[in-house]
Every structure is written in structure tokens, then in C-alpha cells.
file data_7.pdb (PDB, C-alpha atoms)
ATOM      1  CA  MET A   1      38.403  60.139  90.783
ATOM      2  CA  ASP A   2      36.899  59.610  87.340
ATOM      3  CA  ASP A   3      33.127  59.710  86.936
ATOM      4  CA  PHE A   4      33.072  56.913  84.345
ATOM      5  CA  SER A   5      34.035  53.262  84.272
ATOM      6  CA  ILE A   6      36.711  51.786  82.041
ATOM      7  CA  ASP A   7      35.500  49.024  79.712
ATOM      8  CA  LYS A   8      38.851  48.131  78.143
ATOM      9  CA  VAL A   9      42.540  48.898  78.736
ATOM     10  CA  VAL A  10      45.165  49.041  75.974
ATOM     11  CA  ASP A  11      48.756  49.338  77.191
ATOM     12  CA  THR A  12      51.168  50.357  74.427
ATOM     13  CA  ARG A  13      54.070  51.257  76.700
ATOM     14  CA  GLY A  14      57.288  50.023  75.129
ATOM     15  CA  SER A  15      56.013  50.595  71.580
ATOM     16  CA  LEU A  16      57.021  53.513  69.418
ATOM     17  CA  CYS A  17      55.086  55.412  66.764
ATOM     18  CA  PRO A  18      53.158  54.336  64.727
ATOM     19  CA  GLY A  19      52.398  51.225  66.821
ATOM     20  CA  PRO A  20      50.500  52.950  69.653
ATOM     21  CA  ILE A  21      48.297  55.055  67.373
ATOM     22  CA  MET A  22      47.488  51.995  65.251
ATOM     23  CA  ALA A  23      46.484  50.107  68.418
ATOM     24  CA  LEU A  24      44.260  53.011  69.467
ATOM     25  CA  ILE A  25      42.562  53.228  66.067
ATOM     26  CA  GLU A  26      41.939  49.482  65.952
ATOM     27  CA  ALA A  27      40.576  49.327  69.512
ATOM     28  CA  VAL A  28      38.199  52.246  68.970
ATOM     29  CA  LYS A  29      36.988  50.982  65.589
ATOM     30  CA  LEU A  30      36.221  47.531  67.034
ATOM     31  CA  ALA A  31      34.495  48.905  70.140
ATOM     32  CA  ASP A  32      30.751  49.368  70.515
ATOM     33  CA  ILE A  33      29.263  52.849  70.869
ATOM     34  CA  ASN A  34      29.639  54.226  74.448
ATOM     35  CA  THR A  35      32.630  51.997  75.193
ATOM     36  CA  VAL A  36      35.255  53.732  77.364
ATOM     37  CA  ILE A  37      38.829  52.700  76.587
ATOM     38  CA  GLU A  38      41.912  53.577  78.630
ATOM     39  CA  PHE A  39      45.239  53.778  76.795
ATOM     40  CA  PHE A  40      48.763  53.973  78.186
ATOM     41  CA  PHE A  41      51.517  55.435  76.009
ATOM     42  CA  GLU A  42      55.230  55.935  76.478
ATOM     43  CA  ASP A  43      55.827  57.882  73.265
ATOM     44  CA  GLU A  44      54.868  61.581  73.437
ATOM     45  CA  GLN A  45      54.293  61.871  69.680
ATOM     46  CA  SER A  46      51.782  59.026  69.827
ATOM     47  CA  VAL A  47      49.836  60.903  72.503
ATOM     48  CA  LYS A  48      49.673  64.005  70.318
ATOM     49  CA  ASP A  49      48.596  61.944  67.296
ATOM     50  CA  ALA A  50      46.008  60.065  69.353
ATOM     51  CA  SER A  51      44.417  63.272  70.639
ATOM     52  CA  LEU A  52      44.229  64.688  67.118
ATOM     53  CA  TRP A  53      42.706  61.495  65.722
ATOM     54  CA  ILE A  54      40.121  61.202  68.514
ATOM     55  CA  ASN A  55      38.923  64.746  67.890
ATOM     56  CA  LYS A  56      39.053  64.393  64.098
ATOM     57  CA  VAL A  57      36.763  61.355  64.018
ATOM     58  CA  GLY A  58      34.387  62.827  66.596
ATOM     59  CA  ASN A  59      34.883  60.633  69.627
ATOM     60  CA  GLN A  60      35.166  62.010  73.161
ATOM     61  CA  LEU A  61      38.526  62.503  74.862
ATOM     62  CA  LEU A  62      37.807  62.094  78.579
ATOM     63  CA  VAL A  63      41.344  62.144  80.005
ATOM     64  CA  ASN A  64      44.761  63.192  78.720
ATOM     65  CA  GLU A  65      47.319  63.145  81.519
ATOM     66  CA  THR A  66      50.728  61.976  82.617
ATOM     67  CA  VAL A  67      50.804  59.278  85.299
ATOM     68  CA  ASP A  68      54.036  57.881  86.792
ATOM     69  CA  GLY A  69      56.053  59.017  83.764
ATOM     70  CA  TYR A  70      53.650  57.565  81.215
ATOM     71  CA  PHE A  71      50.827  59.131  79.266
ATOM     72  CA  ARG A  72      47.212  58.105  79.907
ATOM     73  CA  ILE A  73      44.366  58.795  77.500
ATOM     74  CA  VAL A  74      40.777  57.744  78.039
ATOM     75  CA  VAL A  75      38.408  57.901  75.094
ATOM     76  CA  LYS A  76      34.683  57.253  74.816
ATOM     77  CA  LYS A  77      33.484  55.985  71.465
ATOM     78  CA  VAL A  78      30.472  58.067  70.521
ATOM     79  CA  LYS A  79      30.398  57.496  66.741
TER      80      LYS A  79
END

call {"tool": "encode", "arguments": {"input": "data_7.pdb", "output": "C-alpha cells"}}
result
Amino acid sequence: MDDFSIDKVVDTRGSLCPGPIMALIEAVKLADINTVIEFFFEDEQSVKDASLWINKVGNQLLVNETVDGYFRIVVKKVK
């Protein structure tokens, strides 16, 4: 079980790159500091791009896993 609570969920399953990464960027930019956002992806390239972007801008990647055939990323906005 996760030791944090999810503040927002963004489900991009069914969308292909660059849609999911654009949704992630927008959601994180609009979020307040310390907001925890859970993302669901179907596209593997979007997951790779999302992880790179999260680290590049200095936010915290809490979870990066596969669940029921989909990818789940949880990010905490810290900047």
C-alpha cells in the first residue's frame, strides 16, 4: 500500500503520444506544490517521456509500475 494520498487522477489510456505527456505536463503545471497526481498510460513511450520530464523539472516520481496491462505513474509536485 502507498504511504501517500492521491489528490488528482489523470487517465490517458486510449491516447497516444504526445497526448499523454501533454496531459501530464499540464496537470503538474496547474497543480499546487505538494499535490500528488496519479496518471494512467497505455502508451509505453509516453511513460518513458513522462519519467524523464518529471526528473528533468525536479518533481518527485513516487510510483512507476504496470497495473493490469496499463502503466501507472504517481508524481508529487515539489517545485

call {"tool": "resolve_selection", "arguments": {"input": "data_7.pdb", "expression": "the PyMOL selection byres ((chain A and resi 27) around 10)", "output": "ChimeraX atom specification"}}
result
/A:8-10,21-26,28-32,37,39,77

call {"tool": "residues_around", "arguments": {"input": "data_7.pdb", "residues": "Gly19 (chain A)", "least_positions_apart": "6", "cutoff": "12 Å", "atoms": "all atoms listed in the file", "output": "list in words"}}
result
Val10, Asp11, Thr12, Arg13, Ile25, Glu26, Phe41, Glu42, Asp43, Gln45, Ser46, Val47, Asp49 and Ala50 of chain A

call {"tool": "closest_residue", "arguments": {"input": "data_7.pdb", "among": "A:Gly58, A:Glu38, A:Leu16, A:Lys48", "to": "Val74 (chain A)", "atoms": "only C-alpha atoms"}}
result
A:Glu38

call {"tool": "atom_distance", "arguments": {"input": "data_7.pdb", "atom1": "CA of Pro18 (chain A)", "atom2": "CA of Gly69 (chain A)"}}
result
19.8 Å

call {"tool": "closest_residue", "arguments": {"input": "data_7.pdb", "among": "A:Val63, A:Ile54, A:Tyr70, A:Asn34", "to": "Gly14 (chain A)", "atoms": "all atoms listed in the file"}}
result
A:Tyr70

call {"tool": "closest_residue", "arguments": {"input": "data_7.pdb", "among": "A:Val67, A:Val75, A:Ile33, A:Leu52", "to": "Phe4 (chain A)", "atoms": "all atoms listed in the file"}}
result
A:Val75

call {"tool": "decode", "arguments": {"input": "data_7.pdb", "residues": "chain A", "atoms": "C-alpha atoms", "output": "short mmCIF file (atom, residue, chain, number, x, y, z; two decimals), in the first residue's frame"}}
result
data_model
loop_
_atom_site.label_atom_id
_atom_site.label_comp_id
_atom_site.auth_asym_id
_atom_site.auth_seq_id
_atom_site.Cartn_x
_atom_site.Cartn_y
_atom_site.Cartn_z
CA MET A 1 0.00 0.00 0.00
CA ASP A 2 1.17 3.52 -0.79
CA ASP A 3 2.15 5.83 2.06
CA PHE A 4 0.67 8.93 0.40
CA SER A 5 -2.77 10.03 -0.70
CA ILE A 6 -3.73 10.81 -4.28
CA ASP A 7 -5.06 14.33 -4.84
CA LYS A 8 -5.90 14.02 -8.54
CA VAL A 9 -6.16 11.25 -11.15
CA VAL A 10 -5.45 11.73 -14.86
CA ASP A 11 -6.36 8.77 -17.07
CA THR A 12 -4.82 9.00 -20.54
CA ARG A 13 -5.47 5.39 -21.53
CA GLY A 14 -6.59 5.29 -25.15
CA SER A 15 -4.43 8.29 -26.11
CA LEU A 16 -1.15 8.03 -27.95
CA CYS A 17 1.98 10.17 -27.75
CA PRO A 18 2.19 13.15 -27.43
CA GLY A 19 -1.29 13.41 -25.85
CA PRO A 20 -0.48 11.66 -22.54
CA ILE A 21 2.73 13.59 -21.90
CA MET A 22 0.98 16.88 -22.69
CA ALA A 23 -1.77 15.97 -20.20
CA LEU A 24 0.85 15.18 -17.56
CA ILE A 25 2.72 18.45 -18.11
CA GLU A 26 -0.48 20.49 -17.96
CA ALA A 27 -1.76 18.75 -14.81
CA VAL A 28 1.54 19.18 -12.96
CA LYS A 29 1.97 22.81 -14.02
CA LEU A 30 -1.55 23.68 -12.82
CA ALA A 31 -1.21 21.80 -9.53
CA ASP A 32 -0.21 23.38 -6.22
CA ILE A 33 3.06 22.43 -4.54
CA ASN A 34 2.82 19.06 -2.69
CA THR A 35 -0.06 17.86 -4.87
CA VAL A 36 0.14 14.12 -5.63
CA ILE A 37 -1.18 13.17 -9.07
CA GLU A 38 -1.79 9.64 -10.34
CA PHE A 39 -1.53 9.05 -14.09
CA PHE A 40 -2.59 6.05 -16.15
CA PHE A 41 -0.95 5.47 -19.53
CA GLU A 42 -1.41 2.89 -22.25
CA ASP A 43 1.49 4.03 -24.44
CA GLU A 44 4.93 2.83 -23.27
CA GLN A 45 6.79 5.72 -24.94
CA SER A 46 4.66 8.21 -23.03
CA VAL A 47 5.67 6.54 -19.76
CA LYS A 48 9.35 6.86 -20.65
CA ASP A 49 8.89 10.51 -21.66
CA ALA A 50 6.90 11.26 -18.52
CA SER A 51 9.58 9.82 -16.24
CA LEU A 52 12.28 11.83 -18.00
CA TRP A 53 10.25 15.05 -17.80
CA ILE A 54 9.39 14.58 -14.11
CA ASN A 55 13.05 14.15 -13.23
CA LYS A 56 14.21 16.95 -15.54
CA VAL A 57 11.95 19.58 -13.95
CA GLY A 58 12.72 18.39 -10.42
CA ASN A 59 9.46 16.89 -9.25
CA GLN A 60 9.25 13.60 -7.34
CA LEU A 61 8.37 10.33 -9.07
CA LEU A 62 6.68 8.24 -6.38
CA VAL A 63 5.48 5.26 -8.44
CA ASN A 64 6.26 3.86 -11.88
CA GLU A 65 4.62 0.48 -12.36
CA THR A 66 2.48 -1.67 -14.60
CA VAL A 67 -1.02 -2.46 -13.32
CA ASP A 68 -3.49 -4.70 -15.21
CA GLY A 69 -1.67 -4.12 -18.50
CA TYR A 70 -1.50 -0.35 -18.12
CA PHE A 71 1.22 1.92 -16.82
CA ARG A 72 0.75 3.87 -13.58
CA ILE A 73 2.87 6.86 -12.59
CA VAL A 74 2.41 8.88 -9.44
CA VAL A 75 4.17 12.22 -9.19
CA LYS A 76 4.42 14.74 -6.36
CA LYS A 77 4.83 18.34 -7.40
CA VAL A 78 7.66 19.77 -5.33
CA LYS A 79 8.65 22.76 -7.49
#
